[in-house]
file final06.cif (mmCIF, C-alpha atoms)
data_final
loop_
_atom_site.group_PDB
_atom_site.id
_atom_site.type_symbol
_atom_site.label_atom_id
_atom_site.label_comp_id
_atom_site.auth_asym_id
_atom_site.auth_seq_id
_atom_site.Cartn_x
_atom_site.Cartn_y
_atom_site.Cartn_z
ATOM 1 C CA MET A 187 0.000 0.000 0.000
ATOM 2 C CA GLN A 188 1.374 3.370 -0.933
ATOM 3 C CA GLN A 189 1.835 6.048 1.672
ATOM 4 C CA GLN A 190 -1.091 8.144 0.352
ATOM 5 C CA GLU A 191 -3.451 5.183 0.598
ATOM 6 C CA GLU A 192 -2.184 4.450 4.088
ATOM 7 C CA LEU A 193 -2.738 8.065 5.126
ATOM 8 C CA GLU A 194 -6.302 7.859 3.837
ATOM 9 C CA LEU A 195 -6.840 4.629 5.771
ATOM 10 C CA ILE A 196 -5.525 6.277 8.946
ATOM 11 C CA ARG A 197 -7.770 9.303 8.374
ATOM 12 C CA ARG A 198 -10.781 6.995 8.090
ATOM 13 C CA ILE A 199 -9.809 5.114 11.263
ATOM 14 C CA VAL A 200 -9.392 8.354 13.211
ATOM 15 C CA ASN A 201 -12.806 9.509 11.913
ATOM 16 C CA GLY A 202 -14.560 6.495 13.382
ATOM 17 C CA GLU A 203 -14.052 3.509 11.065
ATOM 18 C CA THR A 204 -12.060 1.752 13.769
ATOM 19 C CA ASP A 205 -12.572 -1.722 12.292
ATOM 20 C CA LEU A 206 -10.147 -0.732 9.517
ATOM 21 C CA TYR A 207 -7.325 -0.720 12.076
ATOM 22 C CA ALA A 208 -7.207 -4.514 11.659
ATOM 23 C CA ILE A 209 -5.704 -3.938 8.194
ATOM 24 C CA LEU A 210 -2.719 -2.120 9.702
ATOM 25 C CA ALA A 211 -2.381 -4.671 12.501
ATOM 26 C CA ARG A 212 -2.274 -7.533 9.979
ATOM 27 C CA ARG A 213 0.117 -5.708 7.685
ATOM 28 C CA TYR A 214 2.664 -4.836 10.386
ATOM 29 C CA GLY A 215 1.990 -7.442 13.063
ATOM 30 C CA ARG A 216 4.799 -9.828 12.117
ATOM 31 C CA VAL A 217 7.453 -7.130 11.890
ATOM 32 C CA VAL A 218 6.402 -5.528 15.180
ATOM 33 C CA TYR A 219 6.396 -8.922 16.904
ATOM 34 C CA THR A 220 9.825 -9.790 15.451
ATOM 35 C CA LEU A 221 11.357 -6.494 16.556
ATOM 36 C CA VAL A 222 9.894 -6.716 20.049
ATOM 37 C CA SER A 223 10.801 -10.390 20.376
ATOM 38 C CA ARG A 224 14.423 -9.794 19.451
ATOM 39 C CA ILE A 225 14.691 -6.952 21.944
ATOM 40 C CA VAL A 226 13.019 -8.648 24.917
ATOM 41 C CA GLY A 227 14.215 -12.172 24.111
ATOM 42 C CA CYS A 228 11.040 -13.958 25.248
ATOM 43 C CA ALA A 229 8.245 -15.040 22.890
ATOM 44 C CA GLU A 230 5.481 -14.817 25.487
ATOM 45 C CA ASP A 231 6.514 -11.340 26.600
ATOM 46 C CA ALA A 232 6.884 -10.301 22.969
ATOM 47 C CA GLU A 233 3.305 -11.316 22.168
ATOM 48 C CA GLU A 234 1.976 -9.250 25.053
ATOM 49 C CA LEU A 235 4.213 -6.274 24.251
ATOM 50 C CA ALA A 236 3.300 -6.399 20.545
ATOM 51 C CA GLN A 237 -0.354 -6.147 21.560
ATOM 52 C CA ASP A 238 0.550 -3.217 23.806
ATOM 53 C CA VAL A 239 2.314 -1.560 20.865
ATOM 54 C CA PHE A 240 -0.769 -1.817 18.667
ATOM 55 C CA LEU A 241 -2.973 -0.545 21.493
ATOM 56 C CA LYS A 242 -0.674 2.450 22.069
ATOM 57 C CA ALA A 243 -0.585 3.147 18.350
ATOM 58 C CA PHE A 244 -4.378 2.947 18.089
ATOM 59 C CA ARG A 245 -4.888 5.267 21.065
ATOM 60 C CA ASN A 246 -2.440 7.772 19.585
ATOM 61 C CA LEU A 247 -3.311 7.412 15.911
ATOM 62 C CA HIS A 248 -4.866 10.883 15.963
ATOM 63 C CA ARG A 249 -1.360 12.212 16.735
ATOM 64 C CA PHE A 250 0.213 10.619 13.663
ATOM 65 C CA ASN A 251 1.067 13.583 11.483
ATOM 66 C CA GLY A 252 2.599 11.932 8.435
ATOM 67 C CA ARG A 253 6.049 13.482 8.853
ATOM 68 C CA SER A 254 7.417 9.953 8.798
ATOM 69 C CA SER A 255 5.860 6.887 7.246
ATOM 70 C CA PHE A 256 3.330 4.990 9.345
ATOM 71 C CA PRO A 257 5.644 1.952 9.686
ATOM 72 C CA THR A 258 8.454 4.168 10.986
ATOM 73 C CA TRP A 259 6.075 5.742 13.515
ATOM 74 C CA LEU A 260 4.741 2.327 14.571
ATOM 75 C CA PHE A 261 8.212 0.752 14.838
ATOM 76 C CA ARG A 262 9.347 3.699 16.964
ATOM 77 C CA ILE A 263 6.529 2.869 19.393
ATOM 78 C CA ALA A 264 7.557 -0.820 19.303
ATOM 79 C CA TYR A 265 11.228 0.040 19.838
ATOM 80 C CA ASN A 266 10.500 2.361 22.778
ATOM 81 C CA THR A 267 8.045 -0.076 24.371
ATOM 82 C CA ALA A 268 10.418 -3.044 24.158
ATOM 83 C CA VAL A 269 13.502 -1.125 25.289
ATOM 84 C CA SER A 270 11.588 0.350 28.237
ATOM 85 C CA GLU A 271 10.438 -3.125 29.260
ATOM 86 C CA THR A 272 13.953 -4.570 29.152
ATOM 87 C CA ARG A 273 15.320 -1.653 31.152
ATOM 88 C CA ARG A 274 12.577 -2.172 33.708
ATOM 89 C CA ARG A 275 13.747 -5.759 34.168
ATOM 90 C CA LYS A 276 17.320 -4.580 34.785
ATOM 91 C CA ARG A 277 18.948 -7.648 33.273
ATOM 92 C CA GLU A 278 22.722 -7.736 32.992
ATOM 93 C CA TRP A 279 23.974 -7.399 29.407
ATOM 94 C CA ALA A 280 27.297 -8.415 27.952
ATOM 95 C CA CYS A 281 29.806 -5.752 28.819
ATOM 96 C CA ILE A 282 32.967 -5.544 26.750
ATOM 97 C CA ASP A 283 35.725 -3.154 27.696
ATOM 98 C CA GLN A 284 35.771 -0.197 25.276
ATOM 99 C CA ALA A 285 39.549 -0.499 24.912
ATOM 100 C CA ARG A 286 39.125 -4.109 23.800
ATOM 101 C CA LEU A 287 36.641 -2.990 21.158
ATOM 102 C CA ALA A 288 38.883 -0.153 20.012
ATOM 103 C CA ASN A 289 41.898 -2.459 19.741
ATOM 104 C CA LEU A 290 40.103 -4.992 17.560
ATOM 105 C CA PRO A 291 41.058 -4.219 13.948
ATOM 106 C CA ASP A 292 38.117 -3.581 11.638
ATOM 107 C CA SER A 293 39.444 -6.302 9.325
ATOM 108 C CA GLU A 294 38.980 -8.893 12.103
ATOM 109 C CA ALA A 295 35.330 -7.984 12.648
ATOM 110 C CA GLU A 296 34.749 -8.162 8.882
ATOM 111 C CA ARG A 297 35.731 -11.844 9.015
ATOM 112 C CA MET A 298 32.216 -12.542 10.303
ATOM 113 C CA ASP A 299 31.133 -12.832 6.672
ATOM 114 C CA ALA A 300 33.102 -16.094 6.495
ATOM 115 C CA TRP A 301 30.846 -17.608 9.160
ATOM 116 C CA GLU A 302 27.988 -18.029 6.714
ATOM 117 C CA GLY A 303 27.106 -21.690 6.420
ATOM 118 C CA ARG A 304 29.084 -22.692 9.524
ATOM 119 C CA GLN A 305 26.381 -23.712 11.972
ATOM 120 C CA GLU A 306 28.526 -23.526 15.102
ATOM 121 C CA TYR A 307 29.314 -19.881 14.350
ATOM 122 C CA LEU A 308 25.727 -19.058 13.453
ATOM 123 C CA ASP A 309 24.482 -20.638 16.693
ATOM 124 C CA ALA A 310 27.085 -18.703 18.673
ATOM 125 C CA LEU A 311 26.108 -15.530 16.807
ATOM 126 C CA ALA A 312 22.443 -16.026 17.751
ATOM 127 C CA ARG A 313 23.446 -16.448 21.408
ATOM 128 C CA ALA A 314 25.709 -13.386 21.189
ATOM 129 C CA VAL A 315 22.885 -11.245 19.788
ATOM 130 C CA GLY A 316 20.866 -12.265 22.847
ATOM 131 C CA GLU A 317 23.624 -10.903 25.088
ATOM 132 C CA LEU A 318 23.548 -7.442 23.514
ATOM 133 C CA GLU A 319 21.898 -4.482 25.177
ATOM 134 C CA PRO A 320 18.282 -3.893 24.073
ATOM 135 C CA GLU A 321 19.132 -0.945 21.817
ATOM 136 C CA GLU A 322 21.892 -2.966 20.161
ATOM 137 C CA ARG A 323 19.570 -5.928 19.557
ATOM 138 C CA ALA A 324 17.026 -3.551 18.077
ATOM 139 C CA LEU A 325 19.567 -2.174 15.602
ATOM 140 C CA VAL A 326 20.712 -5.674 14.644
ATOM 141 C CA THR A 327 17.085 -6.659 14.080
ATOM 142 C CA LEU A 328 16.179 -3.589 12.064
ATOM 143 C CA PHE A 329 19.319 -3.403 9.932
ATOM 144 C CA TYR A 330 20.431 -7.010 9.461
ATOM 145 C CA TYR A 331 17.288 -9.105 9.914
ATOM 146 C CA GLU A 332 14.569 -6.775 8.625
ATOM 147 C CA GLU A 333 16.975 -5.045 6.186
ATOM 148 C CA TYR A 334 15.931 -1.481 6.923
ATOM 149 C CA SER A 335 18.251 1.223 5.642
ATOM 150 C CA VAL A 336 20.423 3.312 7.940
ATOM 151 C CA SER A 337 18.032 6.205 7.289
ATOM 152 C CA GLU A 338 14.993 4.126 8.283
ATOM 153 C CA CYS A 339 16.782 2.875 11.419
ATOM 154 C CA ALA A 340 17.533 6.482 12.320
ATOM 155 C CA GLY A 341 13.882 7.415 11.908
ATOM 156 C CA ILE A 342 12.707 4.563 14.098
ATOM 157 C CA THR A 343 15.256 5.014 16.885
ATOM 158 C CA GLN A 344 15.436 8.820 16.602
ATOM 159 C CA MET A 345 19.229 8.696 16.359
ATOM 160 C CA SER A 346 21.273 10.401 13.656
ATOM 161 C CA GLU A 347 22.345 8.352 10.640
ATOM 162 C CA SER A 348 26.002 8.799 11.573
ATOM 163 C CA ASN A 349 25.246 7.535 15.088
ATOM 164 C CA ILE A 350 23.507 4.469 13.605
ATOM 165 C CA LYS A 351 26.538 3.738 11.419
ATOM 166 C CA VAL A 352 28.943 4.047 14.352
ATOM 167 C CA ARG A 353 26.764 1.874 16.578
ATOM 168 C CA LEU A 354 26.399 -0.820 13.910
ATOM 169 C CA HIS A 355 30.162 -0.839 13.470
ATOM 170 C CA ARG A 356 30.727 -1.251 17.216
ATOM 171 C CA ILE A 357 28.033 -3.918 17.439
ATOM 172 C CA ARG A 358 29.749 -5.966 14.712
ATOM 173 C CA LYS A 359 32.992 -5.797 16.685
ATOM 174 C CA LYS A 360 31.209 -6.705 19.899
ATOM 175 C CA LEU A 361 29.511 -9.682 18.234
ATOM 176 C CA TYR A 362 32.828 -10.841 16.807
ATOM 177 C CA ILE A 363 34.377 -10.794 20.275
ATOM 178 C CA LEU A 364 31.393 -12.504 21.897
ATOM 179 C CA VAL A 365 31.224 -15.288 19.298
ATOM 180 C CA ASN A 366 34.934 -16.005 19.343
ATOM 181 C CA THR A 367 35.014 -15.933 23.121
ATOM 182 C CA GLN A 368 32.175 -18.489 23.181
ATOM 183 C CA LEU A 369 33.861 -20.777 20.662
ATOM 184 C CA HIS A 370 37.570 -20.307 21.359
ATOM 185 C CA GLY A 371 37.895 -18.442 24.627
ATOM 186 C CA SER A 372 39.488 -15.492 22.748
ATOM 187 C CA GLU A 373 38.907 -13.206 19.754
ATOM 188 C CA LYS A 374 40.892 -15.323 17.269
#

call {"tool": "encode", "arguments": {"input": "final06.cif", "output": "structure tokens"}}
result
Amino acid sequence: MQQQEELELIRRIVNGETDLYAILARRYGRVVYTLVSRIVGCAEDAEELAQDVFLKAFRNLHRFNGRSSFPTWLFRIAYNTAVSETRRRKREWACIDQARLANLPDSEAERMDAWEGRQEYLDALARAVGELEPEERALVTLFYYEEYSVSECAGITQMSESNIKVRLHRIRKKLYILVNTQLHGSEK
């Protein structure tokens, strides 16, 4: 559905045709659930939070002004809801010394591409993603799994594009360290 059609649908929902909201929920339900699930790390919690996201969006649909696309606006609500929930739980996340990250050559972190097809590395990578902070998991989900552009990630998270690029770069290094530590006890 093109943005103009979506804006018309939203206008109709706001003006009382609330049953049409089911169209938006069906269209974006899987992506919202996936994003929330990857951030909170628990399927049951993700289902409940995804419902909360759609409820919040419905209650605030009259505030949607069209400055961003509806999916960006909705995913921002999902991102904020899931990150707030994980912060509320106060779980401990993987902490890697900043000096260790800075000392890892970029070329080493780029070796992650060679892991494709090697199940032990992919399994370790999945576990490592689970150890990331909520905001980091959200960026991994949006950029690598859902294949949103840097610009779209910036719109959803309300960070600058340059900040997104820097964070993604650091996350790749962090994942490289976490995976290699799991498999080999070191970065090599």

call {"tool": "resolve_selection", "arguments": {"input": "final06.cif", "expression": "the PyMOL selection byres ((chain A and resi 248) around 10)", "output": "MDAnalysis selection string"}}
result
chainID A and resid 196:197 199:201 243:247 249:251

call {"tool": "resolve_selection", "arguments": {"input": "final06.cif", "expression": "the PyMOL selection byres ((chain A and resi 221) around 10)", "output": "PyMOL selection string"}}
result
chain A and resi 216-220+222-227+232+236+261+264-265+268+323-328+331-332

call {"tool": "resolve_selection", "arguments": {"input": "final06.cif", "expression": "the PyMOL selection byres ((chain A and resi 209) around 12)", "output": "ChimeraX atom specification"}}
result
/A:187,192,195-196,199,203-208,210-215,240

call {"tool": "closest_residue", "arguments": {"input": "final06.cif", "among": "A:Tyr330, A:Pro320, A:Leu354, A:Ser337", "to": "Arg275 (chain A)", "atoms": "only C-alpha atoms"}}
result
A:Pro320

call {"tool": "closest_residue", "arguments": {"input": "final06.cif", "among": "A:Glu333, A:Ser255, A:Val239, A:Ala310", "to": "Gln188 (chain A)", "atoms": "all atoms listed in the file"}}
result
A:Ser255

call {"tool": "atom_distance", "arguments": {"input": "final06.cif", "atom1": "CA of Arg262 (chain A)", "atom2": "CA of Val365 (chain A)"}}
result
29.1 Å

call {"tool": "axis_aligned_box", "arguments": {"input": "final06.cif", "around": "region 189-202 of chain A", "padding_each_side": "5 Å", "output": "JSON"}}
result
{"center_x": -6.4, "center_y": 7.0, "center_z": 6.9, "size_x": 26.4, "size_y": 15.1, "size_z": 23.0}

call {"tool": "atom_distance", "arguments": {"input": "final06.cif", "atom1": "CA of Glu271 (chain A)", "atom2": "CA of Asp231 (chain A)"}}
result
9.5 Å

call {"tool": "atom_distance", "arguments": {"input": "final06.cif", "atom1": "CA of Arg356 (chain A)", "atom2": "CA of Ser335 (chain A)"}}
result
17.2 Å

call {"tool": "decode", "arguments": {"input": "final06.cif", "residues": "region 205-229 of chain A", "atoms": "N, CA and C atoms", "output": "PDB file, in the first residue's frame"}}
result
ATOM      1  N   ASP A 205     -12.777  -0.341  12.731  1.00  0.00           N
ATOM      2  CA  ASP A 205     -12.572  -1.722  12.292  1.00  0.00           C
ATOM      3  C   ASP A 205     -11.482  -1.825  11.222  1.00  0.00           C
ATOM      4  N   LEU A 206     -11.193  -0.735  10.538  1.00  0.00           N
ATOM      5  CA  LEU A 206     -10.147  -0.732   9.517  1.00  0.00           C
ATOM      6  C   LEU A 206      -8.740  -0.862  10.114  1.00  0.00           C
ATOM      7  N   TYR A 207      -8.634  -0.617  11.418  1.00  0.00           N
ATOM      8  CA  TYR A 207      -7.325  -0.720  12.076  1.00  0.00           C
ATOM      9  C   TYR A 207      -6.763  -2.136  11.949  1.00  0.00           C
ATOM     10  N   ALA A 208      -7.638  -3.123  11.816  1.00  0.00           N
ATOM     11  CA  ALA A 208      -7.207  -4.514  11.659  1.00  0.00           C
ATOM     12  C   ALA A 208      -6.317  -4.683  10.414  1.00  0.00           C
ATOM     13  N   ILE A 209      -6.533  -3.878   9.407  1.00  0.00           N
ATOM     14  CA  ILE A 209      -5.704  -3.938   8.194  1.00  0.00           C
ATOM     15  C   ILE A 209      -4.256  -3.596   8.540  1.00  0.00           C
ATOM     16  N   LEU A 210      -4.073  -2.528   9.302  1.00  0.00           N
ATOM     17  CA  LEU A 210      -2.719  -2.120   9.702  1.00  0.00           C
ATOM     18  C   LEU A 210      -2.094  -3.146  10.641  1.00  0.00           C
ATOM     19  N   ALA A 211      -2.899  -3.669  11.561  1.00  0.00           N
ATOM     20  CA  ALA A 211      -2.381  -4.671  12.501  1.00  0.00           C
ATOM     21  C   ALA A 211      -1.919  -5.918  11.760  1.00  0.00           C
ATOM     22  N   ARG A 212      -2.683  -6.355  10.769  1.00  0.00           N
ATOM     23  CA  ARG A 212      -2.274  -7.533   9.979  1.00  0.00           C
ATOM     24  C   ARG A 212      -1.024  -7.238   9.153  1.00  0.00           C
ATOM     25  N   ARG A 213      -0.991  -6.065   8.572  1.00  0.00           N
ATOM     26  CA  ARG A 213       0.117  -5.708   7.685  1.00  0.00           C
ATOM     27  C   ARG A 213       1.454  -5.630   8.440  1.00  0.00           C
ATOM     28  N   TYR A 214       1.428  -5.089   9.661  1.00  0.00           N
ATOM     29  CA  TYR A 214       2.664  -4.836  10.386  1.00  0.00           C
ATOM     30  C   TYR A 214       2.862  -5.722  11.612  1.00  0.00           C
ATOM     31  N   GLY A 215       1.925  -6.599  11.871  1.00  0.00           N
ATOM     32  CA  GLY A 215       1.990  -7.442  13.063  1.00  0.00           C
ATOM     33  C   GLY A 215       3.243  -8.288  13.168  1.00  0.00           C
ATOM     34  N   ARG A 216       3.625  -8.955  12.087  1.00  0.00           N
ATOM     35  CA  ARG A 216       4.799  -9.828  12.117  1.00  0.00           C
ATOM     36  C   ARG A 216       6.071  -9.043  12.384  1.00  0.00           C
ATOM     37  N   VAL A 217       6.228  -7.914  11.730  1.00  0.00           N
ATOM     38  CA  VAL A 217       7.453  -7.130  11.890  1.00  0.00           C
ATOM     39  C   VAL A 217       7.533  -6.549  13.297  1.00  0.00           C
ATOM     40  N   VAL A 218       6.413  -6.066  13.813  1.00  0.00           N
ATOM     41  CA  VAL A 218       6.402  -5.528  15.180  1.00  0.00           C
ATOM     42  C   VAL A 218       6.750  -6.637  16.163  1.00  0.00           C
ATOM     43  N   TYR A 219       6.110  -7.794  16.005  1.00  0.00           N
ATOM     44  CA  TYR A 219       6.396  -8.922  16.904  1.00  0.00           C
ATOM     45  C   TYR A 219       7.878  -9.315  16.827  1.00  0.00           C
ATOM     46  N   THR A 220       8.419  -9.406  15.625  1.00  0.00           N
ATOM     47  CA  THR A 220       9.825  -9.790  15.451  1.00  0.00           C
ATOM     48  C   THR A 220      10.754  -8.804  16.136  1.00  0.00           C
ATOM     49  N   LEU A 221      10.520  -7.521  15.929  1.00  0.00           N
ATOM     50  CA  LEU A 221      11.357  -6.494  16.556  1.00  0.00           C
ATOM     51  C   LEU A 221      11.277  -6.591  18.078  1.00  0.00           C
ATOM     52  N   VAL A 222      10.080  -6.648  18.600  1.00  0.00           N
ATOM     53  CA  VAL A 222       9.894  -6.716  20.049  1.00  0.00           C
ATOM     54  C   VAL A 222      10.502  -7.997  20.605  1.00  0.00           C
ATOM     55  N   SER A 223      10.280  -9.100  19.926  1.00  0.00           N
ATOM     56  CA  SER A 223      10.801 -10.390  20.376  1.00  0.00           C
ATOM     57  C   SER A 223      12.323 -10.394  20.452  1.00  0.00           C
ATOM     58  N   ARG A 224      12.962  -9.825  19.459  1.00  0.00           N
ATOM     59  CA  ARG A 224      14.423  -9.794  19.451  1.00  0.00           C
ATOM     60  C   ARG A 224      14.963  -8.886  20.549  1.00  0.00           C
ATOM     61  N   ILE A 225      14.224  -7.864  20.900  1.00  0.00           N
ATOM     62  CA  ILE A 225      14.691  -6.952  21.944  1.00  0.00           C
ATOM     63  C   ILE A 225      14.490  -7.565  23.324  1.00  0.00           C
ATOM     64  N   VAL A 226      13.303  -8.132  23.568  1.00  0.00           N
ATOM     65  CA  VAL A 226      13.019  -8.648  24.917  1.00  0.00           C
ATOM     66  C   VAL A 226      13.486 -10.077  25.106  1.00  0.00           C
ATOM     67  N   GLY A 227      13.657 -10.829  24.021  1.00  0.00           N
ATOM     68  CA  GLY A 227      14.215 -12.172  24.111  1.00  0.00           C
ATOM     69  C   GLY A 227      13.278 -13.242  24.647  1.00  0.00           C
ATOM     70  N   CYS A 228      11.995 -12.988  24.707  1.00  0.00           N
ATOM     71  CA  CYS A 228      11.040 -13.958  25.248  1.00  0.00           C
ATOM     72  C   CYS A 228       9.770 -13.887  24.412  1.00  0.00           C
ATOM     73  N   ALA A 229       9.391 -15.018  23.798  1.00  0.00           N
ATOM     74  CA  ALA A 229       8.245 -15.040  22.890  1.00  0.00           C
ATOM     75  C   ALA A 229       6.944 -14.636  23.577  1.00  0.00           C
TER      76      ALA A 229
END
